[in-house]
file input35.pdb (PDB, C-alpha atoms and all ligand atoms)
ATOM      1  CA  MET J   1     -10.883 -10.812  79.664
ATOM      2  CA  ARG J   2      -7.769 -11.888  77.778
ATOM      3  CA  LYS J   3      -9.531 -11.396  74.475
ATOM      4  CA  SER J   4     -10.619  -7.853  75.284
ATOM      5  CA  ILE J   5      -7.064  -6.844  76.273
ATOM      6  CA  ILE J   6      -5.785  -8.128  72.961
ATOM      7  CA  ARG J   7      -8.583  -6.320  71.160
ATOM      8  CA  THR J   8      -7.831  -3.062  73.012
ATOM      9  CA  ALA J   9      -4.129  -3.384  72.278
ATOM     10  CA  PHE J  10      -4.883  -3.982  68.628
ATOM     11  CA  VAL J  11      -7.140  -0.918  68.425
ATOM     12  CA  VAL J  12      -4.475   1.260  70.118
ATOM     13  CA  LEU J  13      -1.748   0.021  67.784
ATOM     14  CA  PHE J  14      -3.980   0.571  64.773
ATOM     15  CA  CYS J  15      -4.739   4.146  65.856
ATOM     16  CA  LEU J  16      -1.044   4.908  66.443
ATOM     17  CA  GLY J  17      -0.319   3.625  62.964
ATOM     18  CA  LEU J  18      -2.968   5.879  61.448
ATOM     19  CA  MET J  19      -1.652   8.878  63.379
ATOM     20  CA  ASN J  20       1.838   8.209  62.072
ATOM     21  CA  LEU J  21       0.565   8.071  58.526
ATOM     22  CA  VAL J  22      -1.349  11.339  58.906
ATOM     23  CA  MET J  23       1.642  13.066  60.501
ATOM     24  CA  ALA J  24       3.992  11.818  57.787
ATOM     25  CA  GLY J  25       1.631  13.194  55.160
ATOM     26  CA  GLU J  26       1.483  16.581  56.844
ATOM     27  CA  ASN J  27       5.259  16.675  57.122
ATOM     28  CA  VAL J  28       5.779  16.106  53.425
ATOM     29  CA  GLN J  29       3.126  18.654  52.497
ATOM     30  CA  GLY J  30       4.461  21.225  54.934
ATOM     31  CA  LYS J  31       8.006  20.859  53.672
ATOM     32  CA  GLY J  32       7.080  21.220  50.029
ATOM     33  CA  LYS J  33       5.041  24.319  50.669
ATOM     34  CA  ALA J  34       7.467  26.121  52.933
ATOM     35  CA  ALA J  35      10.523  25.553  50.777
ATOM     36  CA  LYS J  36       9.096  25.833  47.323
ATOM     37  CA  ASP J  37       6.044  27.918  46.816
ATOM     38  CA  VAL J  38       7.281  31.430  46.151
ATOM     39  CA  HIS J  39       3.858  32.190  44.643
ATOM     40  CA  SER J  40       2.188  31.811  48.041
ATOM     41  CA  MET J  41       4.631  34.178  49.813
ATOM     42  CA  SER J  42       3.448  37.638  50.800
ATOM     43  CA  GLN J  43       4.504  40.558  48.621
ATOM     44  CA  ASP J  44       7.011  41.706  51.265
ATOM     45  CA  GLU J  45       8.541  38.223  51.537
ATOM     46  CA  GLN J  46       8.881  38.041  47.757
ATOM     47  CA  ILE J  47      10.552  41.480  47.626
ATOM     48  CA  LYS J  48      13.018  40.492  50.347
ATOM     49  CA  LEU J  49      13.864  37.229  48.566
ATOM     50  CA  ALA J  50      14.224  38.982  45.186
ATOM     51  CA  LEU J  51      16.594  41.620  46.565
ATOM     52  CA  SER J  52      18.834  38.959  48.133
ATOM     53  CA  ALA J  53      20.053  38.104  44.589
ATOM     54  CA  ALA J  54      22.299  41.189  44.345
ATOM     55  CA  PRO J  55      24.902  42.919  46.499
ATOM     56  CA  PRO J  56      23.324  45.572  48.768
ATOM     57  CA  HIS J  57      24.635  48.538  46.724
ATOM     58  CA  ILE J  58      22.654  47.275  43.702
ATOM     59  CA  ALA J  59      19.651  45.860  45.589
ATOM     60  CA  LYS J  60      18.939  49.093  47.450
ATOM     61  CA  ASP J  61      17.798  50.985  44.315
ATOM     62  CA  ALA J  62      16.513  48.048  42.224
ATOM     63  CA  ALA J  63      12.944  47.546  41.022
ATOM     64  CA  VAL J  64      11.212  44.312  42.059
ATOM     65  CA  LEU J  65       8.671  42.135  40.302
ATOM     66  CA  VAL J  66       6.460  39.834  42.414
ATOM     67  CA  PHE J  67       3.926  37.118  41.616
ATOM     68  CA  GLY J  68       0.306  38.204  41.975
ATOM     69  CA  ALA J  69      -2.614  35.990  42.982
ATOM     70  CA  ASP J  70      -3.032  35.072  39.280
ATOM     71  CA  GLY J  71       0.542  33.710  39.187
ATOM     72  CA  LYS J  72       1.713  36.480  36.871
ATOM     73  CA  LEU J  73       4.566  38.877  37.607
ATOM     74  CA  LYS J  74       3.639  42.450  38.465
ATOM     75  CA  GLU J  75       5.435  45.457  39.908
ATOM     76  CA  GLY J  76       6.333  44.949  43.568
ATOM     77  CA  ARG J  77       8.181  48.222  43.856
ATOM     78  CA  PRO J  78       9.750  50.712  41.419
ATOM     79  CA  GLY J  79      13.518  51.201  41.133
ATOM     80  CA  THR J  80      15.964  53.905  40.073
ATOM     81  CA  ASN J  81      19.179  52.135  38.987
ATOM     82  CA  GLY J  82      17.990  50.192  35.940
ATOM     83  CA  PHE J  83      18.069  46.809  37.693
ATOM     84  CA  THR J  84      15.038  44.567  38.229
ATOM     85  CA  CYS J  85      14.936  41.694  40.735
ATOM     86  CA  ILE J  86      12.624  38.657  40.671
ATOM     87  CA  PRO J  87      12.049  36.238  43.594
ATOM     88  CA  THR J  88      12.646  33.048  41.574
ATOM     89  CA  VAL J  89      13.764  31.899  38.149
ATOM     90  CA  MET J  90      12.847  28.196  38.257
ATOM     91  CA  ASN J  91      10.590  28.017  41.351
ATOM     92  CA  LEU J  92      12.391  24.955  42.727
ATOM     93  CA  PRO J  93      12.763  24.155  46.457
ATOM     94  CA  ASP J  94      16.110  26.006  46.617
ATOM     95  CA  PRO J  95      15.602  29.785  46.357
ATOM     96  CA  ASP J  96      16.963  31.218  43.076
ATOM     97  CA  PRO J  97      16.219  34.955  42.907
ATOM     98  CA  MET J  98      17.859  37.066  40.171
ATOM     99  CA  CYS J  99      18.642  40.769  39.688
ATOM    100  CA  MET J 100      19.128  41.877  36.068
ATOM    101  CA  ASP J 101      19.833  45.013  34.069
ATOM    102  CA  ALA J 102      17.552  46.242  31.246
ATOM    103  CA  ALA J 103      19.272  44.116  28.564
ATOM    104  CA  VAL J 104      18.830  40.903  30.577
ATOM    105  CA  LYS J 105      15.233  41.829  31.394
ATOM    106  CA  GLN J 106      14.637  41.845  27.652
ATOM    107  CA  TRP J 107      16.651  38.606  27.206
ATOM    108  CA  TRP J 108      14.770  36.888  30.005
ATOM    109  CA  GLY J 109      11.369  38.084  28.761
ATOM    110  CA  ASP J 110      12.187  36.664  25.315
ATOM    111  CA  LEU J 111      13.163  33.322  26.871
ATOM    112  CA  MET J 112       9.937  33.209  28.911
ATOM    113  CA  ASN J 113       7.903  33.966  25.761
ATOM    114  CA  ASN J 114       9.699  31.202  23.810
ATOM    115  CA  ALA J 115      11.069  33.744  21.321
ATOM    116  CA  PRO J 116      13.430  32.040  18.834
ATOM    117  CA  LYS J 117      16.228  34.334  19.979
ATOM    118  CA  PRO J 118      16.778  37.145  22.481
ATOM    119  CA  SER J 119      16.277  40.719  21.238
ATOM    120  CA  ASN J 120      18.725  42.586  23.490
ATOM    121  CA  THR J 121      21.162  44.579  21.341
ATOM    122  CA  VAL J 122      23.858  44.971  24.010
ATOM    123  CA  PRO J 123      25.312  42.426  26.462
ATOM    124  CA  GLY J 124      23.466  42.325  29.798
ATOM    125  CA  ILE J 125      24.518  41.555  33.363
ATOM    126  CA  ALA J 126      22.553  39.542  35.930
ATOM    127  CA  TYR J 127      23.300  38.536  39.521
ATOM    128  CA  MET J 128      22.268  35.363  41.335
ATOM    129  CA  ALA J 129      23.905  35.711  44.741
ATOM    130  CA  ARG J 130      21.834  32.840  46.188
ATOM    131  CA  GLY J 131      22.854  30.480  43.390
ATOM    132  CA  GLY J 132      20.436  28.664  41.124
ATOM    133  CA  SER J 133      19.864  25.388  39.295
ATOM    134  CA  HIS J 134      20.058  23.998  35.783
ATOM    135  CA  TRP J 135      19.395  20.722  33.943
ATOM    136  CA  GLU J 136      22.295  18.469  32.954
ATOM    137  CA  LYS J 137      22.303  15.341  30.843
ATOM    138  CA  ASP J 138      25.425  13.213  30.263
ATOM    139  CA  GLY J 139      27.643  16.047  31.568
ATOM    140  CA  ARG J 140      26.111  18.628  29.232
ATOM    141  CA  VAL J 141      23.907  21.545  30.268
ATOM    142  CA  VAL J 142      20.490  21.331  28.585
ATOM    143  CA  MET J 143      17.943  24.138  28.432
ATOM    144  CA  LYS J 144      14.873  22.236  29.617
ATOM    145  CA  GLU J 145      13.817  19.204  31.614
ATOM    146  CA  GLU J 146      14.076  16.095  29.420
ATOM    147  CA  PRO J 147      14.216  12.332  29.998
ATOM    148  CA  GLY J 148      17.474  11.383  31.729
ATOM    149  CA  ALA J 149      18.295  14.970  32.719
ATOM    150  CA  ARG J 150      18.936  15.913  36.340
ATOM    151  CA  ILE J 151      18.835  19.163  38.284
ATOM    152  CA  VAL J 152      22.274  20.489  39.228
ATOM    153  CA  LYS J 153      22.671  23.183  41.862
ATOM    154  CA  GLU J 154      24.726  26.295  41.008
ATOM    155  CA  PRO J 155      26.767  28.283  43.548
ATOM    156  CA  PRO J 156      26.387  32.092  43.847
ATOM    157  CA  HIS J 157      27.216  33.598  40.452
ATOM    158  CA  TRP J 158      26.753  36.409  37.960
ATOM    159  CA  MET J 159      26.198  36.250  34.207
ATOM    160  CA  ILE J 160      26.931  38.041  30.950
ATOM    161  CA  MET J 161      23.969  37.578  28.610
ATOM    162  CA  TRP J 162      25.435  37.591  25.108
ATOM    163  CA  PRO J 163      25.646  34.624  22.728
ATOM    164  CA  PHE J 164      29.365  33.911  23.073
ATOM    165  CA  ASP J 165      30.510  30.748  21.326
ATOM    166  CA  ALA J 166      32.582  28.309  23.394
ATOM    167  CA  LYS J 167      34.762  27.293  20.427
ATOM    168  CA  ALA J 168      35.494  30.844  19.280
ATOM    169  CA  THR J 169      36.158  32.184  22.770
ATOM    170  CA  MET J 170      37.864  28.961  23.924
ATOM    171  CA  LEU J 171      35.742  29.086  27.060
ATOM    172  CA  PRO J 172      34.462  25.758  28.460
ATOM    173  CA  ALA J 173      30.889  24.786  27.584
ATOM    174  CA  ALA J 174      30.136  23.142  30.954
ATOM    175  CA  PRO J 175      30.730  23.815  34.648
ATOM    176  CA  ASN J 176      34.425  23.269  35.399
ATOM    177  CA  PRO J 177      37.040  24.107  38.059
ATOM    178  CA  SER J 178      37.653  27.631  36.650
ATOM    179  CA  GLY J 179      34.081  28.601  37.524
ATOM    180  CA  ALA J 180      33.431  30.221  34.111
ATOM    181  CA  TYR J 181      31.709  28.648  31.104
ATOM    182  CA  VAL J 182      29.298  29.275  28.267
ATOM    183  CA  MET J 183      25.852  28.034  29.255
ATOM    184  CA  PHE J 184      23.449  26.896  26.503
ATOM    185  CA  ASP J 185      26.432  26.966  24.115
ATOM    186  CA  GLY J 186      25.512  26.861  20.443
ATOM    187  CA  THR J 187      22.033  28.301  21.016
ATOM    188  CA  PRO J 188      20.852  31.925  20.656
ATOM    189  CA  TYR J 189      20.444  31.961  24.446
ATOM    190  CA  ALA J 190      24.122  31.176  25.118
ATOM    191  CA  HIS J 191      25.595  33.292  27.912
ATOM    192  CA  VAL J 192      28.658  33.370  30.153
ATOM    193  CA  MET J 193      28.244  32.002  33.671
ATOM    194  CA  VAL J 194      30.758  33.226  36.266
ATOM    195  CA  TYR J 195      30.758  31.310  39.527
ATOM    196  CA  GLN J 196      31.860  34.227  41.743
ATOM    197  CA  ASP J 197      29.838  35.404  44.706
ATOM    198  CA  PRO J 198      28.349  38.845  43.853
ATOM    199  CA  ARG J 199      28.160  39.629  47.571
ATOM    200  CA  LYS J 200      31.969  39.756  47.626
ATOM    201  CA  MET J 201      32.063  42.549  45.038
ATOM    202  CA  LYS J 202      33.241  45.870  46.441
TER     203      LYS J 202
HETATM  204 CU    CU U 301      23.057  30.565  33.193
END
call {"tool": "encode", "arguments": {"input": "input35.pdb", "output": "structure tokens"}}
result
Amino acid sequence: MRKSIIRTAFVVLFCLGLMNLVMAGENVQGKGKAAKDVHSMSQDEQIKLALSAAPPHIAKDAAVLVFGADGKLKEGRPGTNGFTCIPTVMNLPDPDPMCMDAAVKQWWGDLMNNAPKPSNTVPGIAYMARGGSHWEKDGRVVMKEEPGARIVKEPPHWMIMWPFDAKATMLPAAPNPSGAYVMFDGTPYAHVMVYQDPRKMK
């Protein structure tokens, strides 16, 4: 009798343990998917997320690109004001949609295609009202993930895509209390980051 109670208790405890493990696994999976996978969102969800990158007066007439089932960007909807919005730049857990003018669309396409330098011939403007992320190593912004680099979250901001030089312009080359700096300084993809919330623009 005593033995069987112990055995039953052991079996119950063992089962509870297993259940906990299974539930923990589901939790982790569920979290990752819900927060991160823009590619698995519906087209409407992607359009909504993309448009949240710009103030309403720009978003309302902007074109949107969305990820298709093949993982490639395709037209989600056409626009009329020259701006194009995308649901994510880095596809990290924090949403980082961006709305960009024609010059930045060219700049961004060149970056995605690993072109040695951007081909836009005029400065471009882009909005990231939800903020974004970048890699930093030893207090310096680096362009890609590398050993020792960490992801740093950016507040809502807008950008001027033109290869300004931090030394020549005397702008800082890293995030600082002013909120403005040259990102990717010294590279052809240098651009000015302005940590101001685009949604406050009137
Ligand atoms: Cu930037």
call {"tool": "resolve_selection", "arguments": {"input": "input35.pdb", "expression": "the PyMOL selection byres (((not hetatm)) within 7 of (chain U and resi 301))", "output": "ChimeraX atom specification"}}
result
/J:159,183,191-193
call {"tool": "closest_residue", "arguments": {"input": "input35.pdb", "among": "J:Pro118, J:Lys137, J:Asn113, J:Ala69", "to": "Met41 (chain J)", "atoms": "all atoms listed in the file"}}
result
J:Ala69
call {"tool": "closest_residue", "arguments": {"input": "input35.pdb", "among": "J:Val142, J:Ala149, J:Ala59, J:Val89", "to": "Gly186 (chain J)", "atoms": "all atoms listed in the file"}}
result
J:Val142
call {"tool": "resolve_selection", "arguments": {"input": "input35.pdb", "expression": "the PyMOL selection byres (((chain J and resi 100) around 7) and not hetatm)", "output": "list in words"}}
result
Phe83, Thr84, Cys85, Met98, Cys99, Asp101, Ala102, Val104, Lys105, Ile125, Ala126 and Tyr127 of chain J
call {"tool": "resolve_selection", "arguments": {"input": "input35.pdb", "expression": "the PyMOL selection byres (((chain J and resi 184) around 10) and not hetatm)", "output": "PyMOL selection string"}}
result
chain J and resi 140-143+163-166+173-174+181-183+185-192
call {"tool": "write_last_selection", "arguments": {"input": "input35.pdb", "atoms": "C-alpha atoms", "output": "CSV table (one decimal), in the coordinates of the input"}}
result
chain,number,residue,atom,x,y,z
J,140,ARG,CA,26.1,18.6,29.2
J,141,VAL,CA,23.9,21.5,30.3
J,142,VAL,CA,20.5,21.3,28.6
J,143,MET,CA,17.9,24.1,28.4
J,163,PRO,CA,25.6,34.6,22.7
J,164,PHE,CA,29.4,33.9,23.1
J,165,ASP,CA,30.5,30.7,21.3
J,166,ALA,CA,32.6,28.3,23.4
J,173,ALA,CA,30.9,24.8,27.6
J,174,ALA,CA,30.1,23.1,31.0
J,181,TYR,CA,31.7,28.6,31.1
J,182,VAL,CA,29.3,29.3,28.3
J,183,MET,CA,25.9,28.0,29.3
J,185,ASP,CA,26.4,27.0,24.1
J,186,GLY,CA,25.5,26.9,20.4
J,187,THR,CA,22.0,28.3,21.0
J,188,PRO,CA,20.9,31.9,20.7
J,189,TYR,CA,20.4,32.0,24.4
J,190,ALA,CA,24.1,31.2,25.1
J,191,HIS,CA,25.6,33.3,27.9
J,192,VAL,CA,28.7,33.4,30.2
call {"tool": "atom_distance", "arguments": {"input": "input35.pdb", "atom1": "CA of Asn81 (chain J)", "atom2": "CA of Val194 (chain J)"}}
result
22.3 Å
call {"tool": "axis_aligned_box", "arguments": {"input": "input35.pdb", "around": "region 92-111 of chain J", "padding_each_side": "5 Å", "output": "JSON"}}
result
{"center_x": 15.6, "center_y": 35.2, "center_z": 36.0, "size_x": 18.5, "size_y": 32.1, "size_z": 31.3}
call {"tool": "atom_distance", "arguments": {"input": "input35.pdb", "atom1": "CA of Thr88 (chain J)", "atom2": "CA of Val38 (chain J)"}}
result
7.2 Å
call {"tool": "closest_residue", "arguments": {"input": "input35.pdb", "among": "J:Gly139, J:Gly76, J:Gly131, J:Pro97", "to": "Leu49 (chain J)", "atoms": "only C-alpha atoms"}}
result
J:Pro97
call {"tool": "atom_distance", "arguments": {"input": "input35.pdb", "atom1": "CA of Gln196 (chain J)", "atom2": "CA of Gly179 (chain J)"}}
result
7.4 Å
call {"tool": "residues_around", "arguments": {"input": "input35.pdb", "residues": "Leu51 (chain J)", "least_positions_apart": "4", "cutoff": "10 Å", "atoms": "only C-alpha atoms", "output": "list in words"}}
result
Gln46, Ile47, Pro55, Pro56, Ile58, Ala59, Lys60, Asp61, Ala62, Ala63, Val64, Thr84, Cys85, Ile86, Pro87, Pro97, Met98, Cys99, Met128 and Ala129 of chain J
call {"tool": "residues_around", "arguments": {"input": "input35.pdb", "residues": "Thr121 (chain J)", "least_positions_apart": "4", "cutoff": "10 Å", "atoms": "all atoms listed in the file", "output": "PyMOL selection string"}}
result
chain J and resi 103+106-107+162
call {"tool": "closest_residue", "arguments": {"input": "input35.pdb", "among": "J:Gly82, J:Pro177, J:Pro95, J:Pro147", "to": "Lys48 (chain J)", "atoms": "only C-alpha atoms"}}
result
J:Pro95
call {"tool": "closest_residue", "arguments": {"input": "input35.pdb", "among": "J:Asp37, J:Val122, J:Gly148, J:Val66", "to": "Pro78 (chain J)", "atoms": "only C-alpha atoms"}}
result
J:Val66
call {"tool": "closest_residue", "arguments": {"input": "input35.pdb", "among": "J:Ala180, J:Gly68, J:Pro123, J:Asp96", "to": "Lys153 (chain J)", "atoms": "only C-alpha atoms"}}
result
J:Asp96
